[in-house]
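K.L.:
I have a structure here, written as structure tokens, and I will follow up with some questions on it.
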Amino acid sequence: MNIILLGPPGAGKGTQARTLVEERAMEQLSTGDMLRAAKDSGTEMGNRVADVMARGELVTDEIVIGLIEERLAGDRPEGGFIFDGFPRTLAQADALGELLRRRGETLDAVISMQVEDEALVRRVSGRFTCGNCGEVYHDETRPTSEEGVCDHCGSTDLRRRADDNAESLKQRLLEYYKKTSPLIGYYYARDELSSVDGLGEIAAVSSAISSILDKA
């Protein structure tokens, strides 16, 4: 399957993507990770990425789509792909759709994780992650069992993003509503959109997403 998880920052997309990777043998295609890997790869595309980043410029949609196309052409994971951080704009959504059509593939599900803004502020302000395995925690709703130690891998490298605060989140939400939220209408009009309540317990949200994928 090829799926997209949509939602504002802090909605829980990363947490649910990791669950899908573990339970359904899917691969999370993070454009950020792909760009960092490409920059150091020495390939023609990687050299283009390195050159753009060295000049301090934004990587173009063409380059990101090129990286995604390279990965889709490689060995396919048993469960398929989760697009993470892409598409962010209507132009990127069109480009991804065209890429999949060229390859004879389909977009099997687009899942919108809905969370109210006030709840997002509370969620993001208390969030921290494991720098080793990426597991996500929260001061109130999901603290570590042992203070300062990751439950998942035992690492003590627990981190908070510098922009995980109310003021920074408001700016990130503004960018999301301006550029990314129109994708909800875009995929709804194409009859490809499903929605889940992102405020539920992690297991409940996972179950709702699983039901959507089973039907797809």
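Ordered as shown in the structure tokens, chains take letters A, B, and onward, while each chain numbers its residues from 1 and ligands are numbered from 1 in the order shown.
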I'd like the neighbourhood of region 69-72 of chain A as a PDB file with all heavy atoms, in the first residue's frame, where a residue qualifies if any of its atoms comes within 9 Å (using only C-alpha atoms), though same-chain residues fewer than 3 positions away should be ignored.
P.N.:
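What ended up in around_6.pdb:
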ATOM      1  N   LEU A  29       8.644   6.863   4.649  1.00  0.00           N
ATOM      2  CA  LEU A  29       9.462   7.681   3.764  1.00  0.00           C
ATOM      3  C   LEU A  29       9.465   9.107   4.287  1.00  0.00           C
ATOM      4  O   LEU A  29       8.574   9.898   3.992  1.00  0.00           O
ATOM      5  CB  LEU A  29       8.926   7.647   2.330  1.00  0.00           C
ATOM      6  CG  LEU A  29       9.133   6.359   1.529  1.00  0.00           C
ATOM      7  CD1 LEU A  29       8.659   6.545   0.099  1.00  0.00           C
ATOM      8  CD2 LEU A  29      10.591   5.939   1.552  1.00  0.00           C
ATOM      9  N   VAL A  64      12.856  16.520  -4.559  1.00  0.00           N
ATOM     10  CA  VAL A  64      12.205  15.620  -3.589  1.00  0.00           C
ATOM     11  C   VAL A  64      11.470  14.497  -4.312  1.00  0.00           C
ATOM     12  O   VAL A  64      11.570  13.329  -3.931  1.00  0.00           O
ATOM     13  CB  VAL A  64      11.245  16.415  -2.680  1.00  0.00           C
ATOM     14  CG1 VAL A  64      10.493  15.450  -1.754  1.00  0.00           C
ATOM     15  CG2 VAL A  64      12.006  17.433  -1.851  1.00  0.00           C
ATOM     16  N   ILE A  65      10.746  14.840  -5.366  1.00  0.00           N
ATOM     17  CA  ILE A  65      10.044  13.816  -6.143  1.00  0.00           C
ATOM     18  C   ILE A  65      11.042  12.837  -6.757  1.00  0.00           C
ATOM     19  O   ILE A  65      10.811  11.619  -6.817  1.00  0.00           O
ATOM     20  CB  ILE A  65       9.177  14.466  -7.249  1.00  0.00           C
ATOM     21  CG1 ILE A  65       7.876  14.976  -6.636  1.00  0.00           C
ATOM     22  CG2 ILE A  65       8.858  13.479  -8.358  1.00  0.00           C
ATOM     23  CD1 ILE A  65       6.913  13.880  -6.201  1.00  0.00           C
ATOM     24  N   GLY A  66      12.198  13.357  -7.197  1.00  0.00           N
ATOM     25  CA  GLY A  66      13.233  12.487  -7.743  1.00  0.00           C
ATOM     26  C   GLY A  66      13.734  11.492  -6.718  1.00  0.00           C
ATOM     27  O   GLY A  66      13.953  10.310  -7.027  1.00  0.00           O
ATOM     28  N   ASP A  75      13.914  -1.931  -3.803  1.00  0.00           N
ATOM     29  CA  ASP A  75      13.219  -3.058  -3.174  1.00  0.00           C
ATOM     30  C   ASP A  75      12.035  -2.539  -2.385  1.00  0.00           C
ATOM     31  O   ASP A  75      12.164  -1.639  -1.550  1.00  0.00           O
ATOM     32  CB  ASP A  75      14.170  -3.818  -2.241  1.00  0.00           C
ATOM     33  CG  ASP A  75      15.297  -4.493  -3.004  1.00  0.00           C
ATOM     34  OD1 ASP A  75      15.085  -4.780  -4.203  1.00  0.00           O
ATOM     35  OD2 ASP A  75      16.369  -4.720  -2.418  1.00  0.00           O
ATOM     36  N   ARG A  76      10.877  -3.158  -2.629  1.00  0.00           N
ATOM     37  CA  ARG A  76       9.657  -2.685  -1.984  1.00  0.00           C
ATOM     38  C   ARG A  76       9.444  -3.402  -0.655  1.00  0.00           C
ATOM     39  O   ARG A  76       9.517  -4.631  -0.594  1.00  0.00           O
ATOM     40  CB  ARG A  76       8.456  -2.932  -2.894  1.00  0.00           C
ATOM     41  CG  ARG A  76       7.173  -2.274  -2.390  1.00  0.00           C
ATOM     42  CD  ARG A  76       6.061  -2.375  -3.412  1.00  0.00           C
ATOM     43  NE  ARG A  76       4.884  -1.662  -2.931  1.00  0.00           N
ATOM     44  CZ  ARG A  76       4.686  -0.374  -3.089  1.00  0.00           C
ATOM     45  NH1 ARG A  76       5.595   0.344  -3.715  1.00  0.00           N
ATOM     46  NH2 ARG A  76       3.595   0.213  -2.631  1.00  0.00           N
ATOM     47  N   PHE A  81       4.485   1.774   1.582  1.00  0.00           N
ATOM     48  CA  PHE A  81       5.132   3.025   1.995  1.00  0.00           C
ATOM     49  C   PHE A  81       4.170   3.975   2.708  1.00  0.00           C
ATOM     50  O   PHE A  81       2.999   4.088   2.346  1.00  0.00           O
ATOM     51  CB  PHE A  81       5.708   3.751   0.777  1.00  0.00           C
ATOM     52  CG  PHE A  81       6.865   3.035   0.131  1.00  0.00           C
ATOM     53  CD1 PHE A  81       6.707   2.361  -1.075  1.00  0.00           C
ATOM     54  CD2 PHE A  81       8.112   3.039   0.742  1.00  0.00           C
ATOM     55  CE1 PHE A  81       7.776   1.706  -1.674  1.00  0.00           C
ATOM     56  CE2 PHE A  81       9.191   2.387   0.148  1.00  0.00           C
ATOM     57  CZ  PHE A  81       9.016   1.722  -1.055  1.00  0.00           C
ATOM     58  N   LEU A  99       3.574  10.892 -10.312  1.00  0.00           N
ATOM     59  CA  LEU A  99       4.628   9.891 -10.166  1.00  0.00           C
ATOM     60  C   LEU A  99       4.031   8.498  -9.996  1.00  0.00           C
ATOM     61  O   LEU A  99       4.474   7.540 -10.646  1.00  0.00           O
ATOM     62  CB  LEU A  99       5.504  10.236  -8.954  1.00  0.00           C
ATOM     63  CG  LEU A  99       6.485   9.157  -8.484  1.00  0.00           C
ATOM     64  CD1 LEU A  99       7.476   8.802  -9.588  1.00  0.00           C
ATOM     65  CD2 LEU A  99       7.216   9.604  -7.228  1.00  0.00           C
ATOM     66  N   LEU A 100       3.044   8.375  -9.134  1.00  0.00           N
ATOM     67  CA  LEU A 100       2.430   7.067  -8.911  1.00  0.00           C
ATOM     68  C   LEU A 100       1.748   6.555 -10.178  1.00  0.00           C
ATOM     69  O   LEU A 100       1.821   5.357 -10.502  1.00  0.00           O
ATOM     70  CB  LEU A 100       1.430   7.144  -7.754  1.00  0.00           C
ATOM     71  CG  LEU A 100       2.037   7.413  -6.372  1.00  0.00           C
ATOM     72  CD1 LEU A 100       0.940   7.600  -5.330  1.00  0.00           C
ATOM     73  CD2 LEU A 100       2.969   6.286  -5.953  1.00  0.00           C
ATOM     74  N   ARG A 103       4.173   5.096 -12.600  1.00  0.00           N
ATOM     75  CA  ARG A 103       4.684   3.804 -12.151  1.00  0.00           C
ATOM     76  C   ARG A 103       3.591   2.732 -12.100  1.00  0.00           C
ATOM     77  O   ARG A 103       3.858   1.598 -11.733  1.00  0.00           O
ATOM     78  CB  ARG A 103       5.305   3.942 -10.759  1.00  0.00           C
ATOM     79  CG  ARG A 103       6.563   4.784 -10.729  1.00  0.00           C
ATOM     80  CD  ARG A 103       7.194   4.784  -9.351  1.00  0.00           C
ATOM     81  NE  ARG A 103       7.321   3.435  -8.819  1.00  0.00           N
ATOM     82  CZ  ARG A 103       8.284   2.579  -9.155  1.00  0.00           C
ATOM     83  NH1 ARG A 103       9.211   2.943 -10.025  1.00  0.00           N
ATOM     84  NH2 ARG A 103       8.320   1.371  -8.636  1.00  0.00           N
TER      85      ARG A 103
END
K.L.:
Which polymer residues have any atom within 10 Å of an atom of Ala203 (chain A), counting only C-alpha atoms, with same-chain residues fewer than 5 positions away left out, as a list in words?
P.N.:
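Counting only the stated atoms, we get Gln16, Thr19, Ala208 and Ile209 of chain A.
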K.L.:
So which one's closest to Ile111 (chain A), A:Met1, A:Val21, A:Cys153, A:Leu213? Using only C-alpha atoms, please.
P.N.:
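For Ile111 (chain A), the nearest of the candidates is A:Leu213.
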K.L.:
Which residues are close to region 172-177 of chain A, i.e. within 7 Å by only C-alpha atoms, leaving aside same-chain residues fewer than 3 positions away? Reply as a CSV table (one decimal) with N, CA and C atoms, in the first residue's frame.
P.N.:
chain,number,residue,atom,x,y,z
A,8,PRO,N,-1.8,18.4,11.6
A,8,PRO,CA,-1.0,19.5,12.0
A,8,PRO,C,0.2,19.0,12.8
A,9,PRO,N,1.2,19.8,13.1
A,9,PRO,CA,2.3,19.4,13.9
A,9,PRO,C,1.8,19.0,15.3
A,168,SER,N,6.1,29.0,19.2
A,168,SER,CA,6.6,28.4,18.0
A,168,SER,C,5.5,27.5,17.3
A,169,LEU,N,4.7,26.8,18.1
A,169,LEU,CA,3.7,26.0,17.5
A,169,LEU,C,2.7,26.8,16.8
A,180,THR,N,-0.7,23.4,3.9
A,180,THR,CA,-1.0,21.9,3.9
A,180,THR,C,-2.4,21.6,4.1
A,181,SER,N,-3.2,22.3,5.0
A,181,SER,CA,-4.5,21.9,5.2
A,181,SER,C,-5.4,21.9,4.0
